[in-house]
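Quick look at entry32.pdb (PDB, C-alpha atoms (C1' of nucleotides)):
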ATOM      1  CA  MET Y   1       0.000   0.000   0.000
ATOM      2  CA  ILE Y   2       1.273   3.434  -0.915
ATOM      3  CA  ARG Y   3       1.642   5.863   1.977
ATOM      4  CA  PHE Y   4       2.195   9.584   1.665
ATOM      5  CA  GLY Y   5       5.138  11.221   3.390
ATOM      6  CA  LEU Y   6       5.158  14.426   5.397
ATOM      7  CA  CYS Y   7       8.330  16.477   4.908
ATOM      8  CA  CYS Y   8       9.719  18.062   8.078
ATOM      9  CA  ILE Y   9       6.799  20.244   9.153
ATOM     10  CA  SER Y  10       3.102  19.933   9.925
ATOM     11  CA  LEU Y  11       1.209  23.178   9.409
ATOM     12  CA  LYS Y  12      -1.553  21.930  11.697
ATOM     13  CA  LEU Y  13       0.908  21.469  14.537
ATOM     14  CA  LYS Y  14       2.470  24.823  13.726
ATOM     15  CA  GLU Y  15      -0.935  26.434  14.238
ATOM     16  CA  GLN Y  16      -0.929  24.874  17.683
ATOM     17  CA  GLY Y  17       2.394  26.547  18.426
ATOM     18  CA  LEU Y  18       4.689  23.615  17.681
ATOM     19  CA  SER Y  19       7.511  24.777  15.435
ATOM     20  CA  HIS Y  20      11.222  24.279  15.009
ATOM     21  CA  GLN Y  21      13.777  26.750  16.256
ATOM     22  CA  THR Y  22      17.256  27.518  15.016
ATOM     23  CA  MET Y  23      20.345  29.503  15.958
ATOM     24  CA  THR Y  24      22.825  31.048  13.574
ATOM     25  CA  TYR Y  25      26.556  31.045  14.187
ATOM     26  CA  LYS Y  26      26.500  34.822  14.040
ATOM     27  CA  ARG Y  27      24.133  34.944  16.989
ATOM     28  CA  PHE Y  28      25.863  32.084  18.827
ATOM     29  CA  SER Y  29      29.274  33.699  18.624
ATOM     30  CA  SER Y  30      27.982  37.121  19.703
ATOM     31  CA  LEU Y  31      26.935  35.798  23.119
ATOM     32  CA  PRO Y  32      29.006  34.624  26.089
ATOM     33  CA  ARG Y  33      29.568  30.915  25.463
ATOM     34  CA  GLU Y  34      27.638  29.762  28.523
ATOM     35  CA  GLU Y  35      24.555  31.718  27.543
ATOM     36  CA  ALA Y  36      24.881  30.636  23.923
ATOM     37  CA  LEU Y  37      25.027  26.961  24.918
ATOM     38  CA  LYS Y  38      21.965  27.352  27.117
ATOM     39  CA  ILE Y  39      19.882  28.877  24.339
ATOM     40  CA  LEU Y  40      21.134  26.353  21.780
ATOM     41  CA  GLY Y  41      20.370  23.460  24.125
ATOM     42  CA  GLU Y  42      16.830  24.679  24.750
ATOM     43  CA  ARG Y  43      16.199  25.045  21.026
ATOM     44  CA  ILE Y  44      17.504  21.571  20.224
ATOM     45  CA  GLN Y  45      15.375  20.124  23.001
ATOM     46  CA  ASN Y  46      12.368  21.955  21.563
ATOM     47  CA  ASN Y  47      13.135  20.614  18.083
ATOM     48  CA  LEU Y  48      13.280  17.046  19.379
ATOM     49  CA  MET Y  49       9.986  17.519  21.216
ATOM     50  CA  VAL Y  50       8.414  18.887  18.023
ATOM     51  CA  THR Y  51       9.870  15.962  16.055
ATOM     52  CA  ASN Y  52       8.322  13.528  18.524
ATOM     53  CA  GLU Y  53       4.912  15.210  18.289
ATOM     54  CA  THR Y  54       5.147  15.250  14.495
ATOM     55  CA  ILE Y  55       5.882  11.509  14.411
ATOM     56  CA  LYS Y  56       2.812  10.949  16.612
ATOM     57  CA  PHE Y  57       0.809  13.062  14.178
ATOM     58  CA  CYS Y  58       2.082  10.932  11.282
ATOM     59  CA  ALA Y  59       1.171   7.761  13.165
ATOM     60  CA  GLU Y  60      -2.405   9.004  13.564
ATOM     61  CA  ASN Y  61      -2.655   9.790   9.852
ATOM     62  CA  ASN Y  62      -0.675   6.840   8.467
ATOM     63  CA  TYR Y  63       2.003   9.064   6.945
ATOM     64  CA  VAL Y  64       5.688   8.320   6.637
ATOM     65  CA  TYR Y  65       7.927  11.088   7.983
ATOM     66  CA  ARG Y  66      11.032  12.872   6.732
ATOM     67  CA  VAL Y  67      12.733  14.452   9.741
ATOM     68  CA  SER Y  68      13.960  18.028   9.453
ATOM     69  CA  SER Y  69      17.613  18.607   8.560
ATOM     70  CA  ASP Y  70      17.719  21.483  11.035
ATOM     71  CA  ILE Y  71      17.019  19.766  14.347
ATOM     72  CA  PHE Y  72      20.583  20.317  15.583
ATOM     73  CA  PRO Y  73      21.777  23.788  14.569
ATOM     74  CA  LEU Y  74      25.572  24.305  14.809
ATOM     75  CA  ILE Y  75      26.252  20.795  16.149
ATOM     76  CA  THR Y  76      28.295  19.795  13.112
ATOM     77  CA  TYR Y  77      29.530  23.320  12.430
ATOM     78  CA  ASP Y  78      33.308  23.375  12.901
ATOM     79  CA  GLU Y  79      33.708  26.962  14.038
ATOM     80  CA  ALA Y  80      31.096  26.592  16.795
ATOM     81  CA  ASN Y  81      32.932  23.566  18.216
ATOM     82  CA  VAL Y  82      29.907  22.221  20.120
ATOM     83  CA  SER Y  83      28.831  18.663  20.772
ATOM     84  CA  LEU Y  84      25.577  17.545  22.362
ATOM     85  CA  GLU Y  85      27.448  16.623  25.557
ATOM     86  CA  ASP Y  86      28.443  20.297  25.990
ATOM     87  CA  LEU Y  87      24.822  21.428  26.317
ATOM     88  CA  PRO Y  88      23.643  22.108  29.879
ATOM     89  CA  ASN Y  89      20.381  20.206  29.250
ATOM     90  CA  TYR Y  90      22.069  17.131  27.755
ATOM     91  CA  ASP Y  91      20.101  14.817  30.085
ATOM     92  CA  GLU Y  92      16.789  16.240  28.900
ATOM     93  CA  ILE Y  93      17.942  15.872  25.309
ATOM     94  CA  GLN Y  94      18.683  12.202  25.929
ATOM     95  CA  ASP Y  95      15.179  11.851  27.391
ATOM     96  CA  GLU Y  96      13.772  13.276  24.154
ATOM     97  CA  PHE Y  97      15.739  10.692  22.143
ATOM     98  CA  ASP Y  98      14.129   8.013  24.313
ATOM     99  CA  ASN Y  99      10.679   9.535  23.799
ATOM    100  CA  ILE Y 100      11.136   9.514  20.026
ATOM    101  CA  GLN Y 101      12.405   5.945  20.075
ATOM    102  CA  SER Y 102       9.365   4.911  22.092
ATOM    103  CA  THR Y 103       6.946   6.728  19.758
ATOM    104  CA  ILE Y 104       8.472   5.029  16.731
ATOM    105  CA  SER Y 105       8.485   1.553  18.242
ATOM    106  CA  ASN Y 106       4.819   1.941  19.223
ATOM    107  CA  SER Y 107       3.828   2.873  15.678
ATOM    108  CA  THR Y 108       4.423   1.872  12.054
ATOM    109  CA  VAL Y 109       5.746   5.277  10.963
ATOM    110  CA  ARG Y 110       8.648   5.014   8.544
ATOM    111  CA  VAL Y 111      11.252   7.661   9.437
ATOM    112  CA  THR Y 112      13.669   9.028   6.824
ATOM    113  CA  CYS Y 113      15.793  12.089   6.141
ATOM    114  CA  HIS Y 114      17.066  14.245   3.297
ATOM    115  CA  PRO Y 115      20.189  16.189   4.299
ATOM    116  CA  SER Y 116      20.506  19.589   2.636
ATOM    117  CA  GLU Y 117      21.812  20.111  -0.877
ATOM    118  CA  PHE Y 118      25.051  21.459   0.563
ATOM    119  CA  ASN Y 119      26.131  17.948   1.425
ATOM    120  CA  VAL Y 120      28.144  16.908  -1.634
ATOM    121  CA  LEU Y 121      29.940  13.596  -1.292
ATOM    122  CA  ALA Y 122      31.422  13.795  -4.804
ATOM    123  CA  SER Y 123      32.766  17.328  -4.415
ATOM    124  CA  SER Y 124      36.312  18.061  -5.533
ATOM    125  CA  ASN Y 125      36.531  20.490  -2.624
ATOM    126  CA  GLN Y 126      38.047  18.444   0.198
ATOM    127  CA  LYS Y 127      36.711  20.693   2.934
ATOM    128  CA  ALA Y 128      33.160  20.350   1.599
ATOM    129  CA  VAL Y 129      33.594  16.572   1.527
ATOM    130  CA  ASP Y 130      34.824  16.490   5.128
ATOM    131  CA  LYS Y 131      31.863  18.574   6.297
ATOM    132  CA  THR Y 132      29.503  16.331   4.380
ATOM    133  CA  ILE Y 133      30.924  13.210   6.012
ATOM    134  CA  THR Y 134      30.642  14.776   9.470
ATOM    135  CA  GLU Y 135      27.031  15.767   8.830
ATOM    136  CA  LEU Y 136      25.938  12.438   7.326
ATOM    137  CA  ASN Y 137      27.591  10.432  10.093
ATOM    138  CA  PHE Y 138      25.967  12.653  12.694
ATOM    139  CA  TYR Y 139      22.501  12.197  11.232
ATOM    140  CA  SER Y 140      23.067   8.461  10.964
ATOM    141  CA  SER Y 141      24.118   8.345  14.633
ATOM    142  CA  PHE Y 142      20.917  10.246  15.463
ATOM    143  CA  PHE Y 143      18.984   7.545  13.577
ATOM    144  CA  ASP Y 144      20.854   4.911  15.602
ATOM    145  CA  ARG Y 145      19.973   6.656  18.846
ATOM    146  CA  ILE Y 146      16.259   6.697  18.075
ATOM    147  CA  GLY Y 147      16.336   3.016  17.219
ATOM    148  CA  LEU Y 148      15.960   3.119  13.449
ATOM    149  CA  PRO Y 149      17.207   0.153  11.413
ATOM    150  CA  ALA Y 150      20.491   0.599   9.551
ATOM    151  CA  ASP Y 151      19.014  -0.273   6.166
ATOM    152  CA  TYR Y 152      16.913   1.155   3.344
ATOM    153  CA  SER Y 153      13.722   1.086   5.418
ATOM    154  CA  SER Y 154      15.100   4.310   6.979
ATOM    155  CA  PRO Y 155      16.780   5.848   3.948
ATOM    156  CA  MET Y 156      19.002   8.922   4.033
ATOM    157  CA  ASN Y 157      18.477  10.542   0.636
ATOM    158  CA  MET Y 158      20.940  12.774  -1.251
ATOM    159  CA  HIS Y 159      21.784  14.185  -4.646
ATOM    160  CA  ILE Y 160      25.084  13.799  -6.489
ATOM    161  CA  HIS Y 161      24.887  17.523  -7.252
ATOM    162  CA  ASN Y 162      28.241  17.773  -8.926
ATOM    163  CA  LYS Y 163      29.380  17.677 -12.529
ATOM    164  CA  ASN Y 164      33.016  18.518 -12.153
ATOM    165  CA  GLY Y 165      34.704  15.962 -14.417
ATOM    166  CA  SER Y 166      33.515  12.898 -16.316
ATOM    167  CA  HIS Y 167      30.826  10.579 -14.978
ATOM    168  CA  TYR Y 168      33.540   8.123 -14.022
ATOM    169  CA  GLU Y 169      35.640  10.676 -12.165
ATOM    170  CA  ILE Y 170      32.608  11.882 -10.217
ATOM    171  CA  ILE Y 171      31.587   8.335  -9.293
ATOM    172  CA  ASP Y 172      35.164   7.542  -8.270
ATOM    173  CA  ARG Y 173      35.234  10.552  -5.961
ATOM    174  CA  PHE Y 174      31.811   9.621  -4.624
ATOM    175  CA  MET Y 175      32.846   6.038  -3.846
ATOM    176  CA  THR Y 176      36.163   7.041  -2.274
ATOM    177  CA  ASN Y 177      34.293   9.341   0.096
ATOM    178  CA  PHE Y 178      31.343   6.973   0.549
ATOM    179  CA  LYS Y 179      33.769   4.392   1.958
ATOM    180  CA  ARG Y 180      34.781   6.887   4.662
ATOM    181  CA  LEU Y 181      31.217   6.990   6.051
ATOM    182  CA  ASP Y 182      30.213   4.932   9.074
ATOM    183  CA  GLU Y 183      28.807   1.536   8.150
ATOM    184  CA  ASN Y 184      25.275   2.311   9.371
ATOM    185  CA  CYS Y 185      25.297   5.502   7.335
ATOM    186  CA  ARG Y 186      26.421   3.672   4.187
ATOM    187  CA  ASN Y 187      23.650   1.130   4.701
ATOM    188  CA  ARG Y 188      20.990   3.857   4.693
ATOM    189  CA  LEU Y 189      22.239   6.105   1.902
ATOM    190  CA  VAL Y 190      20.246   6.435  -1.336
ATOM    191  CA  ILE Y 191      20.628   8.795  -4.327
ATOM    192  CA  GLU Y 192      17.972  10.926  -6.062
ATOM    193  CA  ASN Y 193      17.688  12.163  -9.657
ATOM    194  CA  ASP Y 194      18.388  15.870 -10.250
ATOM    195  CA  ASP Y 195      16.060  18.408 -11.849
ATOM    196  CA  LYS Y 196      18.676  20.583 -13.555
ATOM    197  CA  LEU Y 197      19.630  19.899 -17.161
ATOM    198  CA  ASN Y 198      23.136  18.462 -17.443
ATOM    199  CA  CYS Y 199      23.037  17.308 -13.826
ATOM    200  CA  TRP Y 200      22.186  13.667 -12.963
ATOM    201  CA  SER Y 201      19.038  12.270 -14.636
ATOM    202  CA  VAL Y 202      17.479   8.873 -13.873
ATOM    203  CA  ALA Y 203      19.000   7.513 -17.084
ATOM    204  CA  GLU Y 204      22.497   8.554 -16.006
ATOM    205  CA  LEU Y 205      22.054   7.414 -12.410
ATOM    206  CA  ILE Y 206      20.970   3.956 -13.582
ATOM    207  CA  THR Y 207      23.521   3.554 -16.374
ATOM    208  CA  PHE Y 208      26.586   5.039 -14.735
ATOM    209  CA  PHE Y 209      25.954   5.242 -11.016
ATOM    210  CA  HIS Y 210      23.745   2.383  -9.845
ATOM    211  CA  ASN Y 211      25.378  -0.225 -12.041
ATOM    212  CA  LYS Y 212      28.715   0.603 -10.438
ATOM    213  CA  THR Y 213      27.643   1.166  -6.815
ATOM    214  CA  ASN Y 214      24.433  -0.850  -6.278
ATOM    215  CA  ILE Y 215      23.072   2.109  -4.281
ATOM    216  CA  PRO Y 216      19.250   2.520  -4.583
ATOM    217  CA  ILE Y 217      17.873   5.348  -6.712
ATOM    218  CA  THR Y 218      15.066   7.612  -5.476
ATOM    219  CA  PHE Y 219      12.603   8.567  -8.226
ATOM    220  CA  ASP Y 220      11.362  12.159  -8.059
ATOM    221  CA  TYR Y 221       8.385  12.785 -10.384
ATOM    222  CA  LEU Y 222       8.914  16.525 -10.811
ATOM    223  CA  HIS Y 223      12.675  16.301 -11.254
ATOM    224  CA  HIS Y 224      12.182  13.667 -13.910
ATOM    225  CA  LYS Y 225       9.630  15.875 -15.670
ATOM    226  CA  CYS Y 226      12.149  18.741 -15.664
ATOM    227  CA  HIS Y 227      15.039  16.554 -16.798
ATOM    228  CA  PRO Y 228      13.791  13.322 -18.447
ATOM    229  CA  ASN Y 229      16.888  12.927 -20.625
ATOM    230  CA  GLY Y 230      14.948  10.851 -23.147
ATOM    231  CA  LEU Y 231      13.417   8.416 -20.669
ATOM    232  CA  ASP Y 232       9.620   8.125 -20.229
ATOM    233  CA  GLU Y 233       8.142   8.251 -16.711
ATOM    234  CA  GLU Y 234       7.020   4.627 -16.591
ATOM    235  CA  SER Y 235      10.422   3.226 -17.609
ATOM    236  CA  ALA Y 236      12.210   5.604 -15.252
ATOM    237  CA  ILE Y 237      10.168   4.791 -12.166
ATOM    238  CA  LYS Y 238      10.330   1.052 -12.866
ATOM    239  CA  MET Y 239      14.106   1.195 -13.259
ATOM    240  CA  CYS Y 240      14.420   3.068  -9.971
ATOM    241  CA  HIS Y 241      12.017   0.680  -8.253
ATOM    242  CA  ASN Y 242      14.263  -2.235  -9.225
ATOM    243  CA  THR Y 243      17.282  -0.732  -7.423
ATOM    244  CA  TRP Y 244      15.913  -1.004  -3.866
ATOM    245  CA  HIS Y 245      17.051  -4.570  -3.120
ATOM    246  CA  GLY Y 246      13.531  -5.630  -2.133
ATOM    247  CA  TYR Y 247      13.030  -2.756   0.324
ATOM    248  CA  LYS Y 248       9.960  -0.600  -0.224
ATOM    249  CA  PRO Y 249      11.211   2.413  -2.190
ATOM    250  CA  LEU Y 250      10.643   5.962  -0.994
ATOM    251  CA  PHE Y 251       9.928   8.279  -3.930
ATOM    252  CA  HIS Y 252       9.170  12.012  -4.161
ATOM    253  CA  TYR Y 253       6.177  13.831  -5.611
ATOM    254  CA  SER Y 254       5.654  17.491  -6.355
ATOM    255  CA  GLU Y 255       4.097  19.779  -8.937
ATOM    256  CA  SER Y 256       5.399  23.035 -10.386
ATOM    257  CA  ARG Y 257       4.406  26.286  -8.769
ATOM    258  CA  PRO Y 258       2.750  28.531 -11.379
ATOM    259  CA  GLY Y 259       5.340  31.012 -12.669
ATOM    260  CA  ASN Y 260       8.620  31.176 -14.494
ATOM    261  CA  ASN Y 261      10.528  28.433 -12.695
ATOM    262  CA  PRO Y 262       9.074  24.945 -13.309
ATOM    263  CA  ARG Y 263      11.400  23.511 -10.655
ATOM    264  CA  ALA Y 264       9.758  25.513  -7.862
ATOM    265  CA  HIS Y 265       7.343  23.504  -5.728
ATOM    266  CA  ALA Y 266       3.616  24.263  -5.615
ATOM    267  CA  ASP Y 267       1.565  24.774  -2.456
ATOM    268  CA  TYR Y 268      -0.856  22.012  -3.413
ATOM    269  CA  ALA Y 269      -0.830  19.096  -5.881
ATOM    270  CA  GLU Y 270      -3.800  18.628  -8.182
ATOM    271  CA  ILE Y 271      -2.942  15.908 -10.691
ATOM    272  CA  PRO Y 272      -3.255  12.225  -9.673
ATOM    273  CA  PHE Y 273       0.058  10.416 -10.012
ATOM    274  CA  GLU Y 274       0.643   7.160 -11.884
ATOM    275  CA  THR Y 275       1.721   4.162  -9.795
ATOM    276  CA  TYR Y 276       2.312   1.881 -12.835
ATOM    277  CA  GLY Y 277       1.250  -0.985 -10.564
ATOM    278  CA  LEU Y 278       4.234  -0.443  -8.244
ATOM    279  CA  ASP Y 279       4.268  -0.254  -4.451
ATOM    280  CA  PHE Y 280       6.267   2.501  -2.751
ATOM    281  CA  ASP Y 281       6.011   5.355  -0.244
ATOM    282  CA  LEU Y 282       5.764   8.890  -1.564
ATOM    283  CA  ASP Y 283       7.138  12.012   0.109
ATOM    284  CA  MET Y 284       4.952  15.002  -0.760
ATOM    285  CA  GLU Y 285       7.195  17.998  -1.374
ATOM    286  CA  LEU Y 286       4.544  20.698  -1.241
ATOM    287  CA  LYS Y 287       4.538  24.012   0.565
ATOM    288  CA  ALA Y 288       1.179  23.390   2.211
ATOM    289  CA  LYS Y 289       2.622  20.236   3.829
ATOM    290  CA  ASP Y 290      -0.039  18.154   5.656
ATOM    291  CA  LEU Y 291      -2.826  20.382   4.348
ATOM    292  CA  ALA Y 292      -1.664  19.507   0.828
ATOM    293  CA  ILE Y 293      -1.513  15.786   1.612
ATOM    294  CA  GLU Y 294      -5.060  15.875   2.974
ATOM    295  CA  LYS Y 295      -6.339  17.487  -0.200
ATOM    296  CA  TYR Y 296      -4.311  15.243  -2.496
ATOM    297  CA  GLU Y 297      -5.599  12.102  -0.739
ATOM    298  CA  GLN Y 298      -9.085  13.075  -1.884
ATOM    299  CA  ILE Y 299      -7.847  13.643  -5.427
ATOM    300  CA  CYS Y 300      -6.113  10.240  -5.486
ATOM    301  CA  LYS Y 301      -8.947   8.231  -3.960
ATOM    302  CA  GLY Y 302      -9.165   4.970  -5.864
ATOM    303  CA  ILE Y 303      -5.534   4.561  -6.862
ATOM    304  CA  LEU Y 304      -4.373   4.137  -3.269
ATOM    305  CA  VAL Y 305      -6.280   0.965  -2.439
TER     306      VAL Y 305
ATOM    307  C1'  DA R 306       2.287  43.508  15.976
ATOM    308  C1'  DC R 307       4.303  43.303  11.842
ATOM    309  C1'  DC R 308       7.654  43.324   8.084
ATOM    310  C1'  DA R 309      11.957  43.361   5.681
ATOM    311  C1'  DG R 310      16.379  41.759   5.895
ATOM    312  C1'  DT R 311      19.550  38.072   7.422
ATOM    313  C1'  DC R 312      21.521  33.579   7.917
ATOM    314  C1'  DA R 313      23.863  29.139   6.364
ATOM    315  C1'  DA R 314      25.618  26.175   2.767
ATOM    316  C1'  DG R 315      28.073  24.418  -2.470
ATOM    317  C1'  DG R 316      27.723  24.929  -7.090
ATOM    318  C1'  DA R 317      26.536  27.047 -11.475
ATOM    319  C1'  DA R 318      26.238  30.862 -14.339
ATOM    320  C1'  DG R 319      27.344  35.333 -15.842
ATOM    321  C1'  DC R 320      30.407  39.211 -15.969
TER     322       DC R 320
ATOM    323  C1'  DG C 321      38.175  35.680 -10.052
ATOM    324  C1'  DC C 322      34.675  37.970  -8.605
ATOM    325  C1'  DT C 323      29.366  38.535  -7.645
ATOM    326  C1'  DT C 324      24.736  36.806  -7.826
ATOM    327  C1'  DC C 325      21.390  33.425  -7.659
ATOM    328  C1'  DC C 326      19.303  29.247  -5.979
ATOM    329  C1'  DT C 327      16.546  27.388  -1.472
ATOM    330  C1'  DT C 328      14.424  27.258   3.279
ATOM    331  C1'  DG C 329      12.058  28.601   7.608
ATOM    332  C1'  DA C 330      13.027  30.866  11.477
ATOM    333  C1'  DC C 331      15.589  34.463  13.676
ATOM    334  C1'  DT C 332      16.759  39.417  14.145
ATOM    335  C1'  DG C 333      16.192  44.141  14.371
ATOM    336  C1'  DG C 334      13.771  48.213  13.002
ATOM    337  C1'  DT C 335       9.374  50.526  12.670
TER     338       DT C 335
END
File written out as structure tokens:
Amino acid sequence: MIRFGLCCISLKLKEQGLSHQTMTYKRFSSLPREEALKILGERIQNNLMVTNETIKFCAENNYVYRVSSDIFPLITYDEANVSLEDLPNYDEIQDEFDNIQSTISNSTVRVTCHPSEFNVLASSNQKAVDKTITELNFYSSFFDRIGLPADYSSPMNMHIHNKNGSHYEIIDRFMTNFKRLDENCRNRLVIENDDKLNCWSVAELITFFHNKTNIPITFDYLHHKCHPNGLDEESAIKMCHNTWHGYKPLFHYSESRPGNNPRAHADYAEIPFETYGLDFDLDMELKAKDLAIEKYEQICKGILV
DNA sequence: ACCAGTCAAGGAAGC
DNA sequence: GCTTCCTTGACTGGT
């Protein structure tokens, strides 16, 4: 059965006052360190509480959930030099990890993540690669701490997002750096097709990347529409579906926001998607978040049985 | 109370 | 070899 996925935020919960908080390095470094750590700790604790409530919300609605990439501001930021253990409310933060673990184990919510586009494993900039590895390992260790399996049922999704060199050079760089990741992180990592022309299409990911690495490919409907590279939707999604080693794939759906940029995401989706007889989960990348899912479920009645 | 500007990141594109 | 744009939601500071 296909389930829809909520990405990061519920607008219904936001209305009730539950929202994420952040802290910039500029702000952090302008305060005395003790005060800065206190504020940062409180915000991280809040973000974990909100994450827990959002997972409960997904459990009630039978959604899968993509956790926010901004739960832990500054924690992997070199200049800030902070680890969770430095925060004065570290014990309370550990309690929140336990609460999340308990919520997940008492439900069937599938939990996933999509680190930001600034994580580039195939970059030729060594510093960017090092930061990426730190960030991915940290998020994977977070997944470990909340009891998620180290396999593709809790995928960590990324783009290649680099075209510096030939396909082979980029894949070589990717694999060299991939091998430096923690094992649990490697076992969760999946790669998504890009929406920009002359970046990585499904056709290229299958032909060049998957065949060499065996890493699953995430199919994104809108990205494929923007950058089909000669491949029709049905062939593309079926090829991607075949790369998941028997795990239920997690794909992405969105529609273009009216305007000049077809890659921009709409508030709501209006066109039923094609399943082509396949089973998968589907993250809904729409600005109106859970409100959009609710509306789209009505539109898709009949194909979701 | 509200609104505009700021923040953080890597890469691509355009001078 | 610069600057600007892309993207995101929340913070920040000025009215």
- Ground truth for the PyMOL selection byres ((chain R) within 7 of (chain Y)), written as a VMD selection string: chain R and resid 312 314 to 315
- Query: Care to translate the PyMOL selection byres ((chain Y and resi 92) around 12) into actual residues of this file, as number ranges by chain?
  - Reply: Y: 41-46, 48-49, 84-85, 87-91, 93-99
- Task: Can you check which residues of chain C have any atom within 12 Å of chain Y? Use only C-alpha atoms (C1' of nucleotides) and format it as a PyMOL selection string.
- Result: chain C and resi 326-332
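Look at everything within 9 Å of (6.4, 18.8, 17.6) using all atoms listed in the file, and the residues you get are Y:Ile9, Y:Ser10, Y:Leu13, Y:Lys14, Y:Gly17, Y:Leu18, Y:Ser19, Y:His20, Y:Asn46, Y:Asn47, Y:Leu48, Y:Met49, Y:Val50, Y:Thr51, Y:Asn52, Y:Glu53, Y:Thr54, Y:Ile55, Y:Lys56, Y:Phe57.
One finds CA of Glu294 (chain Y) at 28.9 Å from CA of Phe72 (chain Y).
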- Query: Can you list, as a PyMOL selection string, every protein, DNA or RNA residue that comes within 12 Å of DC325 (chain C) when you count only C-alpha atoms (C1' of nucleotides), leaving out same-chain residues fewer than 3 positions away?
  - Reply: chain R and resi 316-319
- Just so the selection is clear, what residues does the PyMOL selection byres ((chain C and resi 322) around 9) cover here, as an MDAnalysis selection string? (chainID R and resid 320) or (chainID C and resid 321 323)
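With CA of Ala236 (chain Y) on one side and CA of Leu282 (chain Y) on the other, the separation reads 15.5 Å.
In this model, the gap between CA of Ala288 (chain Y) and CA of Arg110 (chain Y) comes to 20.8 Å.
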Would you mind writing region 85-90 of chain Y with all heavy atoms, as a PDB file, keeping the file's coordinate frame?
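Written out: out.pdb:
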ATOM      1  N   GLU Y  85      27.033  16.796  24.156  1.00  0.00           N
ATOM      2  CA  GLU Y  85      27.448  16.623  25.557  1.00  0.00           C
ATOM      3  C   GLU Y  85      27.779  17.963  26.227  1.00  0.00           C
ATOM      4  O   GLU Y  85      27.765  18.065  27.450  1.00  0.00           O
ATOM      5  CB  GLU Y  85      28.670  15.691  25.646  1.00  0.00           C
ATOM      6  CG  GLU Y  85      28.370  14.232  25.323  1.00  0.00           C
ATOM      7  CD  GLU Y  85      28.341  13.937  23.828  1.00  0.00           C
ATOM      8  OE1 GLU Y  85      28.482  14.886  23.009  1.00  0.00           O
ATOM      9  OE2 GLU Y  85      28.150  12.758  23.464  1.00  0.00           O
ATOM     10  N   ASP Y  86      28.103  18.983  25.425  1.00  0.00           N
ATOM     11  CA  ASP Y  86      28.443  20.297  25.990  1.00  0.00           C
ATOM     12  C   ASP Y  86      27.205  21.067  26.453  1.00  0.00           C
ATOM     13  O   ASP Y  86      27.338  22.070  27.163  1.00  0.00           O
ATOM     14  CB  ASP Y  86      29.163  21.164  24.944  1.00  0.00           C
ATOM     15  CG  ASP Y  86      30.467  20.526  24.491  1.00  0.00           C
ATOM     16  OD1 ASP Y  86      31.059  19.768  25.277  1.00  0.00           O
ATOM     17  OD2 ASP Y  86      30.880  20.794  23.344  1.00  0.00           O
ATOM     18  N   LEU Y  87      26.020  20.646  26.033  1.00  0.00           N
ATOM     19  CA  LEU Y  87      24.822  21.428  26.317  1.00  0.00           C
ATOM     20  C   LEU Y  87      24.372  21.189  27.761  1.00  0.00           C
ATOM     21  O   LEU Y  87      24.390  20.049  28.240  1.00  0.00           O
ATOM     22  CB  LEU Y  87      23.699  21.042  25.340  1.00  0.00           C
ATOM     23  CG  LEU Y  87      24.074  21.272  23.869  1.00  0.00           C
ATOM     24  CD1 LEU Y  87      23.030  20.673  22.933  1.00  0.00           C
ATOM     25  CD2 LEU Y  87      24.252  22.771  23.590  1.00  0.00           C
ATOM     26  N   PRO Y  88      23.984  22.265  28.459  1.00  0.00           N
ATOM     27  CA  PRO Y  88      23.643  22.108  29.879  1.00  0.00           C
ATOM     28  C   PRO Y  88      22.435  21.198  30.115  1.00  0.00           C
ATOM     29  O   PRO Y  88      22.300  20.644  31.206  1.00  0.00           O
ATOM     30  CB  PRO Y  88      23.360  23.549  30.334  1.00  0.00           C
ATOM     31  CG  PRO Y  88      23.133  24.336  29.097  1.00  0.00           C
ATOM     32  CD  PRO Y  88      23.912  23.663  28.013  1.00  0.00           C
ATOM     33  N   ASN Y  89      21.569  21.061  29.098  1.00  0.00           N
ATOM     34  CA  ASN Y  89      20.381  20.206  29.250  1.00  0.00           C
ATOM     35  C   ASN Y  89      20.560  18.866  28.513  1.00  0.00           C
ATOM     36  O   ASN Y  89      19.585  18.294  28.018  1.00  0.00           O
ATOM     37  CB  ASN Y  89      19.140  20.936  28.715  1.00  0.00           C
ATOM     38  CG  ASN Y  89      19.292  21.327  27.257  1.00  0.00           C
ATOM     39  OD1 ASN Y  89      20.418  21.430  26.755  1.00  0.00           O
ATOM     40  ND2 ASN Y  89      18.190  21.536  26.574  1.00  0.00           N
ATOM     41  N   TYR Y  90      21.788  18.379  28.486  1.00  0.00           N
ATOM     42  CA  TYR Y  90      22.069  17.131  27.755  1.00  0.00           C
ATOM     43  C   TYR Y  90      21.189  15.972  28.239  1.00  0.00           C
ATOM     44  O   TYR Y  90      20.723  15.165  27.430  1.00  0.00           O
ATOM     45  CB  TYR Y  90      23.550  16.776  27.894  1.00  0.00           C
ATOM     46  CG  TYR Y  90      23.949  15.514  27.173  1.00  0.00           C
ATOM     47  CD1 TYR Y  90      23.689  15.350  25.812  1.00  0.00           C
ATOM     48  CD2 TYR Y  90      24.573  14.468  27.860  1.00  0.00           C
ATOM     49  CE1 TYR Y  90      24.064  14.188  25.161  1.00  0.00           C
ATOM     50  CE2 TYR Y  90      24.949  13.303  27.196  1.00  0.00           C
ATOM     51  CZ  TYR Y  90      24.687  13.165  25.840  1.00  0.00           C
ATOM     52  OH  TYR Y  90      25.049  12.018  25.194  1.00  0.00           O
TER      53      TYR Y  90
END
